[in-house]
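Structure file input04.cif; described as mmCIF, C-alpha atoms.
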data_entry
loop_
_atom_site.group_PDB
_atom_site.id
_atom_site.type_symbol
_atom_site.label_atom_id
_atom_site.label_comp_id
_atom_site.auth_asym_id
_atom_site.auth_seq_id
_atom_site.Cartn_x
_atom_site.Cartn_y
_atom_site.Cartn_z
ATOM 1 C CA MET O 1 -14.235 -0.662 -21.705
ATOM 2 C CA ALA O 2 -10.970 -0.141 -23.554
ATOM 3 C CA GLU O 3 -7.893 -1.033 -21.568
ATOM 4 C CA GLU O 4 -5.583 1.878 -20.876
ATOM 5 C CA THR O 5 -2.146 1.837 -19.351
ATOM 6 C CA PRO O 6 -2.483 3.858 -16.168
ATOM 7 C CA GLU O 7 0.294 6.102 -14.929
ATOM 8 C CA GLU O 8 3.316 4.142 -13.624
ATOM 9 C CA GLY O 9 1.838 0.844 -14.907
ATOM 10 C CA LEU O 10 -0.707 0.475 -12.088
ATOM 11 C CA VAL O 11 -3.988 -1.303 -12.668
ATOM 12 C CA HIS O 12 -6.932 0.471 -11.052
ATOM 13 C CA GLU O 13 -9.968 -1.602 -10.109
ATOM 14 C CA GLY O 14 -12.233 1.411 -9.943
ATOM 15 C CA PRO O 15 -12.165 5.157 -9.765
ATOM 16 C CA ARG O 16 -9.224 6.694 -7.939
ATOM 17 C CA GLY O 17 -10.224 7.590 -4.403
ATOM 18 C CA PHE O 18 -12.371 4.473 -3.918
ATOM 19 C CA SER O 19 -11.292 1.329 -2.105
ATOM 20 C CA MET O 20 -12.896 -1.886 -0.889
ATOM 21 C CA THR O 21 -11.362 -3.499 2.165
ATOM 22 C CA PRO O 22 -11.792 -7.264 2.541
ATOM 23 C CA ALA O 23 -13.261 -8.363 5.891
ATOM 24 C CA TRP O 24 -10.154 -10.449 6.672
ATOM 25 C CA VAL O 25 -7.993 -7.297 6.500
ATOM 26 C CA VAL O 26 -10.318 -5.460 8.883
ATOM 27 C CA LYS O 27 -10.238 -8.427 11.308
ATOM 28 C CA ARG O 28 -6.446 -8.709 11.214
ATOM 29 C CA ALA O 29 -5.551 -5.025 11.233
ATOM 30 C CA PHE O 30 -8.632 -2.906 11.937
ATOM 31 C CA LYS O 31 -6.622 -0.106 13.564
ATOM 32 C CA ASP O 32 -4.379 0.088 10.507
ATOM 33 C CA VAL O 33 -7.016 -0.154 7.804
ATOM 34 C CA TRP O 34 -6.704 3.626 7.269
ATOM 35 C CA LEU O 35 -3.306 3.182 5.594
ATOM 36 C CA TYR O 36 -4.317 0.046 3.673
ATOM 37 C CA ASP O 37 -7.438 1.801 2.341
ATOM 38 C CA TRP O 38 -5.617 5.021 1.631
ATOM 39 C CA LEU O 39 -2.863 3.264 -0.323
ATOM 40 C CA ARG O 40 -5.402 1.334 -2.415
ATOM 41 C CA ALA O 41 -7.637 4.370 -2.953
ATOM 42 C CA ARG O 42 -4.775 6.782 -3.707
ATOM 43 C CA TYR O 43 -2.614 4.469 -5.817
ATOM 44 C CA GLY O 44 -5.169 1.822 -6.815
ATOM 45 C CA GLY O 45 -5.287 -1.783 -7.910
ATOM 46 C CA LEU O 46 -3.616 -4.920 -6.671
ATOM 47 C CA ASP O 47 -0.315 -3.981 -8.252
ATOM 48 C CA GLY O 48 2.522 -2.659 -6.180
ATOM 49 C CA ILE O 49 2.709 0.974 -5.225
ATOM 50 C CA TRP O 50 5.807 2.887 -4.264
ATOM 51 C CA PRO O 51 5.261 6.233 -2.594
ATOM 52 C CA GLY O 52 8.033 7.217 -0.197
ATOM 53 C CA ILE O 53 7.362 7.135 3.557
ATOM 54 C CA GLU O 54 7.640 10.927 3.645
ATOM 55 C CA THR O 55 5.086 11.239 0.831
ATOM 56 C CA ILE O 56 2.614 9.015 2.679
ATOM 57 C CA ALA O 57 3.146 10.932 5.926
ATOM 58 C CA GLU O 58 2.656 14.306 4.245
ATOM 59 C CA GLU O 59 -0.376 13.284 2.207
ATOM 60 C CA PHE O 60 -2.097 11.653 5.188
ATOM 61 C CA ASP O 61 -0.943 14.282 7.690
ATOM 62 C CA VAL O 62 0.691 11.830 10.093
ATOM 63 C CA SER O 63 4.266 11.416 11.294
ATOM 64 C CA ARG O 64 6.865 9.353 9.478
ATOM 65 C CA SER O 65 7.130 7.031 12.505
ATOM 66 C CA THR O 66 3.337 6.461 12.438
ATOM 67 C CA VAL O 67 3.562 5.387 8.798
ATOM 68 C CA GLU O 68 6.547 3.094 9.443
ATOM 69 C CA ARG O 69 4.893 1.497 12.501
ATOM 70 C CA THR O 70 1.630 0.981 10.621
ATOM 71 C CA ILE O 71 3.386 -0.573 7.626
ATOM 72 C CA ARG O 72 5.196 -2.998 9.959
ATOM 73 C CA ARG O 73 1.856 -4.044 11.498
ATOM 74 C CA LEU O 74 0.200 -4.505 8.084
ATOM 75 C CA VAL O 75 3.142 -6.632 6.913
ATOM 76 C CA ALA O 76 3.013 -8.715 10.122
ATOM 77 C CA ALA O 77 -0.737 -9.249 9.566
ATOM 78 C CA LYS O 78 0.064 -10.306 5.946
ATOM 79 C CA CYS O 79 -2.168 -7.548 4.562
ATOM 80 C CA MET O 80 0.742 -5.978 2.698
ATOM 81 C CA GLU O 81 4.120 -7.017 1.345
ATOM 82 C CA ILE O 82 7.209 -4.839 0.945
ATOM 83 C CA ARG O 83 9.574 -5.339 -1.981
ATOM 84 C CA PRO O 84 12.783 -3.291 -2.069
ATOM 85 C CA ARG O 85 13.474 -1.465 -5.329
ATOM 86 C CA PHE O 86 16.878 -0.512 -6.690
ATOM 87 C CA ARG O 87 18.246 2.024 -9.150
ATOM 88 C CA PRO O 88 20.420 0.886 -12.070
ATOM 89 C CA ASP O 89 23.520 1.787 -10.011
ATOM 90 C CA GLY O 90 22.436 -0.653 -7.259
ATOM 91 C CA SER O 91 21.404 1.932 -4.669
ATOM 92 C CA GLN O 92 18.008 1.457 -3.045
ATOM 93 C CA THR O 93 15.103 3.722 -3.934
ATOM 94 C CA THR O 94 11.573 3.651 -2.520
ATOM 95 C CA ASN O 95 10.073 0.305 -1.576
ATOM 96 C CA GLN O 96 7.223 -1.235 -3.497
ATOM 97 C CA TYR O 97 4.161 -1.851 -1.290
ATOM 98 C CA VAL O 98 1.805 -4.595 -2.431
ATOM 99 C CA THR O 99 -1.625 -4.575 -0.771
ATOM 100 C CA LYS O 100 -3.176 -8.041 -0.543
ATOM 101 C CA PHE O 101 -6.789 -8.651 -1.447
ATOM 102 C CA ASP O 102 -7.007 -12.447 -1.087
ATOM 103 C CA GLU O 103 -6.604 -13.819 2.427
ATOM 104 C CA PRO O 104 -3.385 -15.804 2.956
ATOM 105 C CA THR O 105 -3.881 -19.546 3.377
ATOM 106 C CA ASP O 106 -1.524 -19.890 6.347
#

Let's see the structure in the file written out as structure tokens.
Amino acid sequence: MAEETPEEGLVHEGPRGFSMTPAWVVKRAFKDVWLYDWLRARYGGLDGIWPGIETIAEEFDVSRSTVERTIRRLVAAKCMEIRPRFRPDGSQTTNQYVTKFDEPTD
């Protein structure tokens, strides 16, 4: 299969809309797997993704506070990492969310 550069530089492991959740993620954060799966299925791959909180809330039909609370729990469970992103002028833009596939060794 010829390698293509997907939109926004993301690497998709399979067709958009499909996600595989590792068992360790389900064990650590089973109530929050909906967001983990949705982020991987919607934005794909192991690379970082950067939809805004409002975008996630609107697309998944949940409140902004539900998204923020769920992200905090996924980060605490080490299923996801947040990396702040900045514009050239130094102001912050959307965060980059990195879903983890390999279980942490801690």

Find, counting all atoms listed in the file, the residue in O:Phe101, O:Ala41, O:Tyr36, O:Arg28 that gets nearest to Val67 of chain O.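 Under the stated criterion, the closest residue is O:Tyr36.
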
Straight-line distance linking atom CA of Thr21 of chain O with atom CA of Thr55 of chain O, stated in Å to one decimal: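 We find that atom CA of Thr21 of chain O and atom CA of Thr55 of chain O lie 22.1 Å from each other.
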
Under the rule that all atoms listed in the file are counted, which of O:Leu74, O:Thr66, O:Glu59, O:Lys100 is the nearest residue to Met20 of chain O? O:Lys100

Among the residues O:Ile53, O:Asp89, O:Ala23, O:Phe60, the one that comes closest to Trp38 of chain O [using all atoms listed in the file]: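 So, comparing all the options, the nearest one is O:Phe60.
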
Gap from atom CA of Lys31 of chain O to atom CA of Trp50 of chain O - Å, one decimal: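 These atoms are spaced 21.9 Å apart.
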
For the file shown, report as a list in words the outcome of the PyMOL selection byres ((chain O and resi 32) around 12) at residue level.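 The output of the PyMOL selection byres ((chain O and resi 32) around 12) on this file is Thr21, Val25, Val26, Lys27, Arg28, Ala29, Phe30, Lys31, Val33, Trp34, Leu35, Tyr36, Asp37, Trp38, Leu39, Thr66, Val67, Glu68, Arg69, Thr70, Ile71, Arg72, Arg73, Leu74, Val75, Ala76, Ala77, Cys79 and Met80 of chain O.
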
Tell me, in Å to one decimal, how far atom CA of Ile82 of chain O is from atom CA of Arg64 of chain O. 16.6 Å

Given all atoms listed in the file as the counted atoms, nearest of O:Ile56, O:Ser91, O:Gln96, O:Ser65 to Arg42 of chain O: O:Ile56

Residues matched by the PyMOL selection byres ((chain O and resi 94) around 6) as a list in words: Gly52, Thr93 and Asn95 of chain O
